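Please read the structure below before turning to the comments.
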Amino acid sequence: MNRRGLSILGFETLDWRTVGLLALVGVMAGVLSGLFGVGGGSIIVPALVWAGLSQKEASATSLASMILMSVSGVASYAAAGNVDWLAALMLTLGTVAGTQVGTWLLDKLPEAALRWLYVIFLCSVIAEQLMRVPERNSRIVPGLGSSLTAIGVGILIGLLSGLLGVGGGGVAVPALTMMGASDLVARGTSLLAIFPSSVSGTAANMRRGLVHLRNGLLVGFSAAVSTPLGSLAARSVSARAGTYLFVLYLMIVVARSIYAAAKVTPGLHTAHRPH
């Protein structure tokens with residue numbers, strides 16, 4: 001018997017320390033999801049790895065947890081009129097297709113490659129956030145160009161969701177603001193687009209046996225409770241302040257992710273061993 005106990009019906013039996021950690025991570029991810037319009041995978045994935053899952057299992061389980069989280073977040077933003085339903089539909093057309101490719105790659109790529117791709121993804125989000133501060137009162141102008149752009153962004157989001165276990169909000173939110181959405185509409189629409197990619201990707205990952213459902217439900221329920229708090233906070237701070245807070249948080253996550261990636265990379269994890 002391992003440190004987390006016996007396996008029952010394919011679901012892990014968790015000890016109380018792991019239950020407490022995953023519940024806390026879920027609450028934190030929910031606040032971040034509501035505040036920034038992201039899936040929260042940047043903290044969910046490392047926590048699941050700490051709990052004993054492989055990087056592939058953590059990415060797949062993180063994606064499953066985002067189903068409940070995204071529903072809660074969308075409800076909060078939609079109640080305030082901060083969801084662009086047409087843009088979300090176009091994003092969805094791309095994410096469903098992109099997620100299938102991403103989950104297929106998840107089952108094929110080595111763990112070290114996944115971890116470094118995750119670092120690259122986070123660094124790209126930081127760069128984008130520093131280059132652009134969205135406006136609070138703008139809207140997307142409907143048209144063929146904006147629709148095609150949203151579909152293309154959706155494909156990229158789906159790839160990231162399936163491959164890295166993230167919701168893709170770090171791509172969706174900046175892309176939507178570049179298309180003309182306000183920061184709040186971009187976040188609400190991003191959370192809506194996360195839902196179909198999470199469902200599609202989780203179905204594919206479950207067929208491959210990568211999803212630890214109990215872990216995902218624990219994180220997901222905890223996150224769903226706290227996501228409305230994050231959306232309330234998003235409306236209370238300026239767009240600039242929210243952007244800088246997000247960048248600060250991501251810098252901490254990147255530092256931790258580089259350390260974790262180096263540990264599993266051949267040639268790096270042995271470089272500092274004493275001779």
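Letters A, B, ... mark the chains of the structure tokens in the order given; residue numbers begin at 1 per chain; ligand numbers begin at 1, in order shown.
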
Among region 99-212 of chain A, which residues carry a DSSP assignment of alpha helix (DSSP H), reported as a PyMOL selection string?
chain A and resi 99-106+111-131+144-164+169-178+183-207

Using only C-alpha atoms, find each residue in region 137-227 of chain A having at least one atom no more than 9 Å away from region 29-36 of chain A; report its shortest atom-to-atom pair and that distance in Å (one decimal), rows by chain then rising number, as JSON lines.
```
{"residue": "A:Gly169", "atom": "CA", "partner": "A:Phe36", "partner_atom": "CA", "distance": 7.9}
{"residue": "A:Gly170", "atom": "CA", "partner": "A:Phe36", "partner_atom": "CA", "distance": 8.6}
{"residue": "A:Val173", "atom": "CA", "partner": "A:Phe36", "partner_atom": "CA", "distance": 8.2}
{"residue": "A:Asp183", "atom": "CA", "partner": "A:Phe36", "partner_atom": "CA", "distance": 8.9}
{"residue": "A:Leu184", "atom": "CA", "partner": "A:Phe36", "partner_atom": "CA", "distance": 8.7}
{"residue": "A:Arg187", "atom": "CA", "partner": "A:Phe36", "partner_atom": "CA", "distance": 6.1}
{"residue": "A:Gly188", "atom": "CA", "partner": "A:Gly34", "partner_atom": "CA", "distance": 8.3}
{"residue": "A:Leu191", "atom": "CA", "partner": "A:Ser33", "partner_atom": "CA", "distance": 7.9}
{"residue": "A:Val219", "atom": "CA", "partner": "A:Ala29", "partner_atom": "CA", "distance": 8.5}
{"residue": "A:Gly220", "atom": "CA", "partner": "A:Gly30", "partner_atom": "CA", "distance": 8.4}
{"residue": "A:Ser222", "atom": "CA", "partner": "A:Gly30", "partner_atom": "CA", "distance": 7.4}
{"residue": "A:Ala223", "atom": "CA", "partner": "A:Gly30", "partner_atom": "CA", "distance": 3.9}
{"residue": "A:Ala224", "atom": "CA", "partner": "A:Gly30", "partner_atom": "CA", "distance": 6.1}
{"residue": "A:Val225", "atom": "CA", "partner": "A:Gly30", "partner_atom": "CA", "distance": 7.3}
{"residue": "A:Ser226", "atom": "CA", "partner": "A:Gly30", "partner_atom": "CA", "distance": 5.0}
{"residue": "A:Thr227", "atom": "CA", "partner": "A:Gly30", "partner_atom": "CA", "distance": 4.1}
```

Save out the residues we just selected, N, CA, C and O atoms, as a PDB file, in the first residue's frame.
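Heads up, here's the output in out_19.pdb:
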```pdb
ATOM      1  N   GLY A 169      -6.666  30.460 -20.958  1.00  0.00           N
ATOM      2  CA  GLY A 169      -7.046  31.850 -20.733  1.00  0.00           C
ATOM      3  C   GLY A 169      -5.907  32.818 -20.964  1.00  0.00           C
ATOM      4  O   GLY A 169      -6.132  33.967 -21.322  1.00  0.00           O
ATOM      5  N   GLY A 170      -4.676  32.352 -20.748  1.00  0.00           N
ATOM      6  CA  GLY A 170      -3.524  33.206 -20.999  1.00  0.00           C
ATOM      7  C   GLY A 170      -3.368  33.571 -22.455  1.00  0.00           C
ATOM      8  O   GLY A 170      -2.698  34.549 -22.789  1.00  0.00           O
ATOM      9  N   VAL A 173      -7.586  35.584 -23.269  1.00  0.00           N
ATOM     10  CA  VAL A 173      -7.835  36.931 -22.745  1.00  0.00           C
ATOM     11  C   VAL A 173      -7.057  37.994 -23.518  1.00  0.00           C
ATOM     12  O   VAL A 173      -7.634  38.988 -23.971  1.00  0.00           O
ATOM     13  N   ASP A 183     -11.496  44.257 -20.763  1.00  0.00           N
ATOM     14  CA  ASP A 183     -10.829  43.238 -19.949  1.00  0.00           C
ATOM     15  C   ASP A 183     -11.824  42.307 -19.273  1.00  0.00           C
ATOM     16  O   ASP A 183     -11.610  41.092 -19.198  1.00  0.00           O
ATOM     17  N   LEU A 184     -12.970  42.836 -18.813  1.00  0.00           N
ATOM     18  CA  LEU A 184     -13.961  41.994 -18.147  1.00  0.00           C
ATOM     19  C   LEU A 184     -14.672  41.070 -19.128  1.00  0.00           C
ATOM     20  O   LEU A 184     -14.893  39.892 -18.836  1.00  0.00           O
ATOM     21  N   ARG A 187     -12.369  38.212 -20.066  1.00  0.00           N
ATOM     22  CA  ARG A 187     -12.254  37.183 -19.033  1.00  0.00           C
ATOM     23  C   ARG A 187     -13.488  36.291 -18.993  1.00  0.00           C
ATOM     24  O   ARG A 187     -13.379  35.067 -18.907  1.00  0.00           O
ATOM     25  N   GLY A 188     -14.666  36.911 -19.041  1.00  0.00           N
ATOM     26  CA  GLY A 188     -15.887  36.112 -19.029  1.00  0.00           C
ATOM     27  C   GLY A 188     -16.019  35.225 -20.246  1.00  0.00           C
ATOM     28  O   GLY A 188     -16.428  34.060 -20.150  1.00  0.00           O
ATOM     29  N   LEU A 191     -13.591  32.234 -20.026  1.00  0.00           N
ATOM     30  CA  LEU A 191     -14.082  31.159 -19.165  1.00  0.00           C
ATOM     31  C   LEU A 191     -15.151  30.326 -19.863  1.00  0.00           C
ATOM     32  O   LEU A 191     -15.218  29.103 -19.679  1.00  0.00           O
ATOM     33  N   VAL A 219     -10.621  19.240  -6.619  1.00  0.00           N
ATOM     34  CA  VAL A 219     -10.134  20.560  -7.020  1.00  0.00           C
ATOM     35  C   VAL A 219     -11.254  21.359  -7.679  1.00  0.00           C
ATOM     36  O   VAL A 219     -11.437  22.553  -7.396  1.00  0.00           O
ATOM     37  N   GLY A 220     -12.015  20.714  -8.551  1.00  0.00           N
ATOM     38  CA  GLY A 220     -13.060  21.406  -9.300  1.00  0.00           C
ATOM     39  C   GLY A 220     -14.157  21.980  -8.423  1.00  0.00           C
ATOM     40  O   GLY A 220     -14.584  23.127  -8.602  1.00  0.00           O
ATOM     41  N   SER A 222     -13.957  22.716  -5.185  1.00  0.00           N
ATOM     42  CA  SER A 222     -13.385  23.794  -4.378  1.00  0.00           C
ATOM     43  C   SER A 222     -13.249  25.072  -5.197  1.00  0.00           C
ATOM     44  O   SER A 222     -13.525  26.172  -4.716  1.00  0.00           O
ATOM     45  N   ALA A 223     -12.821  24.920  -6.439  1.00  0.00           N
ATOM     46  CA  ALA A 223     -12.640  26.076  -7.313  1.00  0.00           C
ATOM     47  C   ALA A 223     -13.972  26.722  -7.667  1.00  0.00           C
ATOM     48  O   ALA A 223     -14.083  27.959  -7.730  1.00  0.00           O
ATOM     49  N   ALA A 224     -14.991  25.901  -7.910  1.00  0.00           N
ATOM     50  CA  ALA A 224     -16.296  26.438  -8.297  1.00  0.00           C
ATOM     51  C   ALA A 224     -16.887  27.325  -7.204  1.00  0.00           C
ATOM     52  O   ALA A 224     -17.585  28.306  -7.490  1.00  0.00           O
ATOM     53  N   VAL A 225     -16.589  26.994  -5.958  1.00  0.00           N
ATOM     54  CA  VAL A 225     -17.102  27.791  -4.840  1.00  0.00           C
ATOM     55  C   VAL A 225     -16.446  29.166  -4.787  1.00  0.00           C
ATOM     56  O   VAL A 225     -17.100  30.175  -4.470  1.00  0.00           O
ATOM     57  N   SER A 226     -15.147  29.222  -5.102  1.00  0.00           N
ATOM     58  CA  SER A 226     -14.407  30.476  -4.940  1.00  0.00           C
ATOM     59  C   SER A 226     -14.315  31.329  -6.201  1.00  0.00           C
ATOM     60  O   SER A 226     -13.953  32.500  -6.121  1.00  0.00           O
ATOM     61  N   THR A 227     -14.643  30.775  -7.366  1.00  0.00           N
ATOM     62  CA  THR A 227     -14.536  31.542  -8.609  1.00  0.00           C
ATOM     63  C   THR A 227     -15.360  32.833  -8.597  1.00  0.00           C
ATOM     64  O   THR A 227     -14.873  33.872  -9.064  1.00  0.00           O
TER      65      THR A 227
END
```

Each residue of region 36-63 of chain A lying at most 12 Å from region 240-257 of chain A should get a row with its shortest atom-to-atom pair and the distance in Å to one decimal, counting only C-alpha atoms; could you produce that, ordered by chain and increasing number, as CSV?
```
residue,atom,partner,partner_atom,distance
A:Phe36,CA,A:Phe246,CA,7.2
A:Gly37,CA,A:Phe246,CA,10.6
A:Val38,CA,A:Phe246,CA,10.3
A:Gly40,CA,A:Leu250,CA,10.9
A:Gly41,CA,A:Val253,CA,10.7
A:Ser42,CA,A:Val253,CA,6.9
A:Ile43,CA,A:Val253,CA,7.5
A:Ile44,CA,A:Val253,CA,11.0
A:Val45,CA,A:Ser257,CA,10.1
A:Pro46,CA,A:Ser257,CA,8.0
A:Ala47,CA,A:Ser257,CA,11.5
A:Val49,CA,A:Ser257,CA,11.4
A:Gln55,CA,A:Ser257,CA,11.6
```

What's the 10 Å shell around region 198-202 of chain A, counting only C-alpha atoms, without same-chain residues fewer than 3 positions away, as a PyMOL selection string?
chain A and resi 39+60-68+70+95-104+158-159+161-163+165-167+193-195+205-208+210-211+213

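The space between CA of Ser146 (chain A) and CA of Ala87 (chain A) spans 8.1 Å.
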
How many Å separate CA of Lys56 (chain A) from CA of Pro228 (chain A)?
29.0 Å

Between A:Ile120, A:Ala172, A:Leu232, A:Ala260, smallest distance to Ala79 (chain A) by only C-alpha atoms belongs to A:Leu232
